[in-house]
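First the structure, in the form of structure tokens, and then the observations on it.
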Amino acid sequence: MKKLIFQGAGVAIVTPFTENGINFDEFGRIIDDQIKAGTDAIVVAGTTGEAATMSDAEHKEAIKYAVEHVKKRVPVIAGTGSNDTSYAIQLSQYAEKVGVDGLLLVTPYYNKCTQKGLVQHFTKIADSVNVPCILYNVPSRTGVSIKLATYVELSKHKNIVAAKEASGDLSFILRLRKAVGDELTVYSGNDDQIVPILSLGGKGVISVLSNVAPSDTHKICQLYFDGKVKEAAAMQIDYTDLVDALFCEVNPIPVKTAMRLMGYNVGPLRLPLCDMEQGTLEQLKAAMKAHHLID
């Protein structure tokens with residue numbers, strides 16, 4: 001079995017912005033609160049961190065700051081994927097240089113590619129570093145899926161160690177587990193599928209929910225690992241309303257709004273992301289109240 005980067009709940013952490021940059025003081029506060037609450041890994045500069053609207057300098061600053069602030073208390077995983085292979089290599093090499101514990105590599109978006117292109121893209125990135133890589137399959141955002149044969153081929157690479165599966169297709173994940181065995185660790189990319197994916201041999205979740213409920217997201221995983229499957233499943237079911245609310249508009253609009261309601265100075269969303277509609281905002285507030293996150 002290849003190196004396990006983390007087991008449990010890794011937070012796909014938000015990036016707190018000012019009007020013209022990153023609010024590093026608040027970023028540090030959020031990171032510290034996550035670690036105190038039991039989060040098992042910090043995943044920086046991903047979708048939830050609004051990496052798509054970060055400048056190159058901001059992207060690198062966020063990664064470097066996270067590594068330096070965490071100080072090895074938990075693993076730090078950096079989102080360094082791109083639809084431009086050469087840029088993904090540049091960013092991945094930078095992340096390795098500043099000391100990340102792993103890389104999260106999303107499938108190429110917009111220009112997309114064939115399965116042959118996926119193999120070449122991910123192989124070139126993985127060849128360029130000596131850091132464990134997590135493939136990120138999220139077809140609803142990128143318009144391209146990693147097929148089973150492609151996963152099998154990529155699992156042969158020594159640096160490609162895991163998959164964040166956000167396809168939502170449990171039947172596919174079942175077949176993926178059979179096809180790759182222990183060559184790829186599988187993490188859930190969907191908060192409503194943590195326990196189902198753990199039941200298929202997954203090792204945890206890269207979570208949006210963890211931003212607002214870090215202790216309980218960790219607990220869902222830990223209960224399962226401790227053999228308390230019914231209790232883990234009960235918590236998974238109980239959080240359905242909040243998970244639904246966190247995805248009632250495009251992520252990370254609701255989760256940044258939720259953190260603002262909880263007193264975190266996460267700052268503005270960057271266009272084209274915008275403030276929530278009143279109806280969905282009320283849905284979010286109701287779910288947060290039900291879970292005692294706000295009064």
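Residues in the structure tokens are named by chain (A, B, ... in the order shown) and by number from 1 within that chain; ligands are numbered from 1 in the order shown.
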
- Spatial neighbours of Asn111 (chain A), max dist 10 Å, only C-alpha atoms, sep filter under 3 positions, as JSON, numbers by chain: {"A": [83, 84, 108, 142, 143, 144]}

Just C-alpha atoms for this one: save the residues we selected as a short mmCIF file (atom, residue, chain, number, x, y, z; two decimals), in the first residue's frame.
```
data_model
loop_
_atom_site.label_atom_id
_atom_site.label_comp_id
_atom_site.auth_asym_id
_atom_site.auth_seq_id
_atom_site.Cartn_x
_atom_site.Cartn_y
_atom_site.Cartn_z
CA ASN A 83 -6.26 22.85 -17.20
CA ASP A 84 -2.76 23.91 -18.26
CA PRO A 108 -8.58 19.67 -16.61
CA THR A 142 -14.95 20.15 -15.05
CA GLY A 143 -16.99 18.36 -17.71
CA VAL A 144 -14.60 15.40 -17.79
#
```

- Contacts of Ile42 (chain A) at 8 Å or less, counting only C-alpha atoms, minus same-chain residues fewer than 3 places along, as a count of residues only? 10

- Write out as a VMD selection string the residues lying within 8 Å of region 193-206 of chain A, counting only C-alpha atoms and excluding same-chain residues fewer than 6 positions away. chain A and resid 6 to 12 43 164 168 170 173 to 174 177 185 to 187 220 to 221 224 232 to 233 236

- Task: Can you check which residues of region 45-227 of chain A DSSP gives as strand (DSSP E or B) on the backbone and send them as a list in words?
- Result: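 For region 45-227 of chain A, the strand (DSSP E or B) set is Val76, Ile77, Ala78, Gly79, Gly102, Leu103, Leu104, Leu105, Val106, Cys133, Ile134, Leu135, Tyr136, Asn137, Ile160, Val161, Ala162, Ala163, Lys164, Glu165, Thr185, Val186, Tyr187, Ser188, Gly204, Val205, Ile206 and Ser207 of chain A.
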
- Output as a ChimeraX atom specification all residues of region 203-264 of chain A that backbone DSSP marks as alpha helix (DSSP H). /A:214-225,229-238,240-246,253-261

Same residues, N, CA and C atoms, saved as a short mmCIF file (atom, residue, chain, number, x, y, z; two decimals), in the first residue's frame:
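What ended up in part_0.cif:
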```
data_model
loop_
_atom_site.label_atom_id
_atom_site.label_comp_id
_atom_site.auth_asym_id
_atom_site.auth_seq_id
_atom_site.Cartn_x
_atom_site.Cartn_y
_atom_site.Cartn_z
N PRO A 214 -16.35 21.08 12.16
CA PRO A 214 -15.14 20.26 12.06
C PRO A 214 -15.12 19.08 13.02
N SER A 215 -15.56 19.31 14.25
CA SER A 215 -15.51 18.24 15.25
C SER A 215 -16.41 17.08 14.86
N ASP A 216 -17.62 17.38 14.42
CA ASP A 216 -18.56 16.32 14.08
C ASP A 216 -18.20 15.63 12.77
N THR A 217 -17.63 16.35 11.82
CA THR A 217 -17.21 15.70 10.58
C THR A 217 -16.09 14.71 10.87
N HIS A 218 -15.14 15.13 11.71
CA HIS A 218 -14.10 14.20 12.17
C HIS A 218 -14.73 13.01 12.90
N LYS A 219 -15.72 13.30 13.73
CA LYS A 219 -16.34 12.25 14.55
C LYS A 219 -17.06 11.22 13.70
N ILE A 220 -17.72 11.65 12.63
CA ILE A 220 -18.39 10.70 11.73
C ILE A 220 -17.39 9.65 11.25
N CYS A 221 -16.22 10.14 10.82
CA CYS A 221 -15.18 9.22 10.34
C CYS A 221 -14.64 8.35 11.47
N GLN A 222 -14.34 8.96 12.61
CA GLN A 222 -13.72 8.22 13.71
C GLN A 222 -14.65 7.14 14.25
N LEU A 223 -15.94 7.47 14.37
CA LEU A 223 -16.90 6.46 14.81
C LEU A 223 -16.88 5.26 13.89
N TYR A 224 -16.83 5.54 12.59
CA TYR A 224 -16.80 4.43 11.63
C TYR A 224 -15.53 3.60 11.83
N PHE A 225 -14.39 4.26 11.93
CA PHE A 225 -13.12 3.55 12.10
C PHE A 225 -13.10 2.75 13.40
N VAL A 229 -20.52 1.75 13.47
CA VAL A 229 -21.07 2.08 12.16
C VAL A 229 -22.45 2.71 12.27
N LYS A 230 -23.29 2.18 13.15
CA LYS A 230 -24.64 2.73 13.30
C LYS A 230 -24.59 4.17 13.78
N GLU A 231 -23.69 4.46 14.70
CA GLU A 231 -23.57 5.82 15.22
C GLU A 231 -23.05 6.77 14.13
N ALA A 232 -22.08 6.31 13.35
CA ALA A 232 -21.57 7.13 12.25
C ALA A 232 -22.66 7.40 11.22
N ALA A 233 -23.42 6.37 10.90
CA ALA A 233 -24.50 6.53 9.93
C ALA A 233 -25.57 7.48 10.45
N ALA A 234 -25.86 7.39 11.74
CA ALA A 234 -26.87 8.27 12.34
C ALA A 234 -26.43 9.73 12.24
N MET A 235 -25.14 9.99 12.48
CA MET A 235 -24.65 11.36 12.34
C MET A 235 -24.69 11.82 10.90
N GLN A 236 -24.32 10.94 9.97
CA GLN A 236 -24.39 11.26 8.55
C GLN A 236 -25.81 11.68 8.17
N ILE A 237 -26.77 10.90 8.61
CA ILE A 237 -28.18 11.19 8.30
C ILE A 237 -28.63 12.49 8.95
N ASP A 238 -28.22 12.69 10.19
CA ASP A 238 -28.63 13.89 10.92
C ASP A 238 -28.16 15.17 10.24
N THR A 240 -27.88 15.74 7.09
CA THR A 240 -28.36 15.88 5.71
C THR A 240 -28.87 17.28 5.42
N ASP A 241 -29.63 17.86 6.35
CA ASP A 241 -30.20 19.18 6.10
C ASP A 241 -29.13 20.25 5.96
N LEU A 242 -28.09 20.16 6.81
CA LEU A 242 -27.02 21.16 6.73
C LEU A 242 -26.18 20.97 5.47
N VAL A 243 -25.89 19.73 5.12
CA VAL A 243 -25.15 19.47 3.88
C VAL A 243 -25.94 20.00 2.69
N ASP A 244 -27.23 19.72 2.66
CA ASP A 244 -28.05 20.23 1.56
C ASP A 244 -28.01 21.76 1.51
N ALA A 245 -28.06 22.39 2.67
CA ALA A 245 -28.03 23.86 2.71
C ALA A 245 -26.69 24.40 2.24
N LEU A 246 -25.61 23.69 2.55
CA LEU A 246 -24.28 24.14 2.13
C LEU A 246 -24.06 24.00 0.63
N ILE A 253 -20.34 29.52 -2.05
CA ILE A 253 -21.20 30.63 -1.64
C ILE A 253 -21.85 30.37 -0.28
N PRO A 254 -22.54 29.23 -0.09
CA PRO A 254 -23.20 29.03 1.20
C PRO A 254 -22.22 28.87 2.37
N VAL A 255 -21.12 28.16 2.17
CA VAL A 255 -20.23 27.91 3.31
C VAL A 255 -19.53 29.18 3.76
N LYS A 256 -19.16 30.06 2.82
CA LYS A 256 -18.57 31.33 3.25
C LYS A 256 -19.60 32.20 3.96
N THR A 257 -20.84 32.14 3.47
CA THR A 257 -21.91 32.86 4.14
C THR A 257 -22.11 32.32 5.55
N ALA A 258 -22.09 30.99 5.68
CA ALA A 258 -22.27 30.36 6.99
C ALA A 258 -21.16 30.78 7.95
N MET A 259 -19.94 30.80 7.47
CA MET A 259 -18.83 31.18 8.34
C MET A 259 -18.93 32.64 8.76
N ARG A 260 -19.43 33.48 7.86
CA ARG A 260 -19.67 34.88 8.22
C ARG A 260 -20.71 34.97 9.33
N LEU A 261 -21.77 34.16 9.22
CA LEU A 261 -22.81 34.14 10.25
C LEU A 261 -22.27 33.64 11.59
#
```

- Item | Test item: residues at most 9 Å from region 115-130 of chain A, only C-alpha atoms, excluding those fewer than 4 positions along its chain, as a PyMOL selection string | chain A and resi 81+84-86+88-90+92-93+96+105+107-108+135+144-147+149-151+153-154+157-160

- Task: Would you work out the distance separating CA of Gly38 (chain A) from CA of Lys72 (chain A), expressed in Å to one decimal?
- Result: 14.1 Å

- Nearby residues (only C-alpha atoms) at most 8 Å from Leu104 (chain A), same-chain spacing under 4 positions excluded, as a PyMOL selection string: chain A and resi 46+77-81+133-136

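By only C-alpha atoms, and with residues fewer than 3 positions from region 269-281 of chain A along its chain excluded, the set lying at most 7 Å from it is Thr53, Cys248, Ile253, Leu284 and Lys285 of chain A.
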
- Using only C-alpha atoms, the residue out of A:Phe27, A:Tyr110, A:Tyr94, A:Tyr264 with shortest distance to Ala57 (chain A) is A:Tyr94

- Query: Given the choices A:Val44, A:Met1, A:Val212, A:Leu148, which gets closest to Leu293 (chain A) if the distance is worked out from only C-alpha atoms?
  - Reply: A:Val212

- Tell me which protein, DNA and RNA residues are within 7 Å of Thr15 (chain A), counting only C-alpha atoms, leaving out same-chain ones fewer than 6 positions away, and put them as a PyMOL selection string. chain A and resi 27+49-50+266

Quick one: write out the picked residues with N, CA and C atoms as an mmCIF file, in the first residue's frame?
```
data_model
loop_
_atom_site.group_PDB
_atom_site.id
_atom_site.type_symbol
_atom_site.label_atom_id
_atom_site.label_comp_id
_atom_site.auth_asym_id
_atom_site.auth_seq_id
_atom_site.Cartn_x
_atom_site.Cartn_y
_atom_site.Cartn_z
ATOM 1 N N PHE A 27 -7.163 33.859 8.333
ATOM 2 C CA PHE A 27 -6.829 32.533 7.817
ATOM 3 C C PHE A 27 -6.162 31.705 8.910
ATOM 4 N N GLY A 49 -11.756 27.027 -1.532
ATOM 5 C CA GLY A 49 -10.860 28.145 -1.254
ATOM 6 C C GLY A 49 -10.828 29.194 -2.343
ATOM 7 N N GLU A 50 -11.681 29.045 -3.355
ATOM 8 C CA GLU A 50 -11.786 30.011 -4.457
ATOM 9 C C GLU A 50 -10.468 30.191 -5.215
ATOM 10 N N VAL A 266 -14.539 36.259 6.874
ATOM 11 C CA VAL A 266 -14.063 35.620 5.644
ATOM 12 C C VAL A 266 -14.078 36.565 4.455
#
```

- May I ask for the distance between CA of Lys156 (chain A) and CA of Lys60 (chain A), given in Å to one decimal place?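 For CA of Lys156 (chain A) relative to CA of Lys60 (chain A), the distance reads 29.1 Å.
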
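Closest approach to Ala62 (chain A) from the set A:Val161, A:Leu4, A:Ala45, A:Val152 is made by A:Ala45, with distances taken over only C-alpha atoms.
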
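For the pair CA of Val70 (chain A) and CA of Asp25 (chain A), the interatomic distance is 13.2 Å.
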
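Closest to Asp40 (chain A) among A:Gln283, A:Thr114, A:Thr18, A:Ser207 is A:Ser207, based on only C-alpha atoms.
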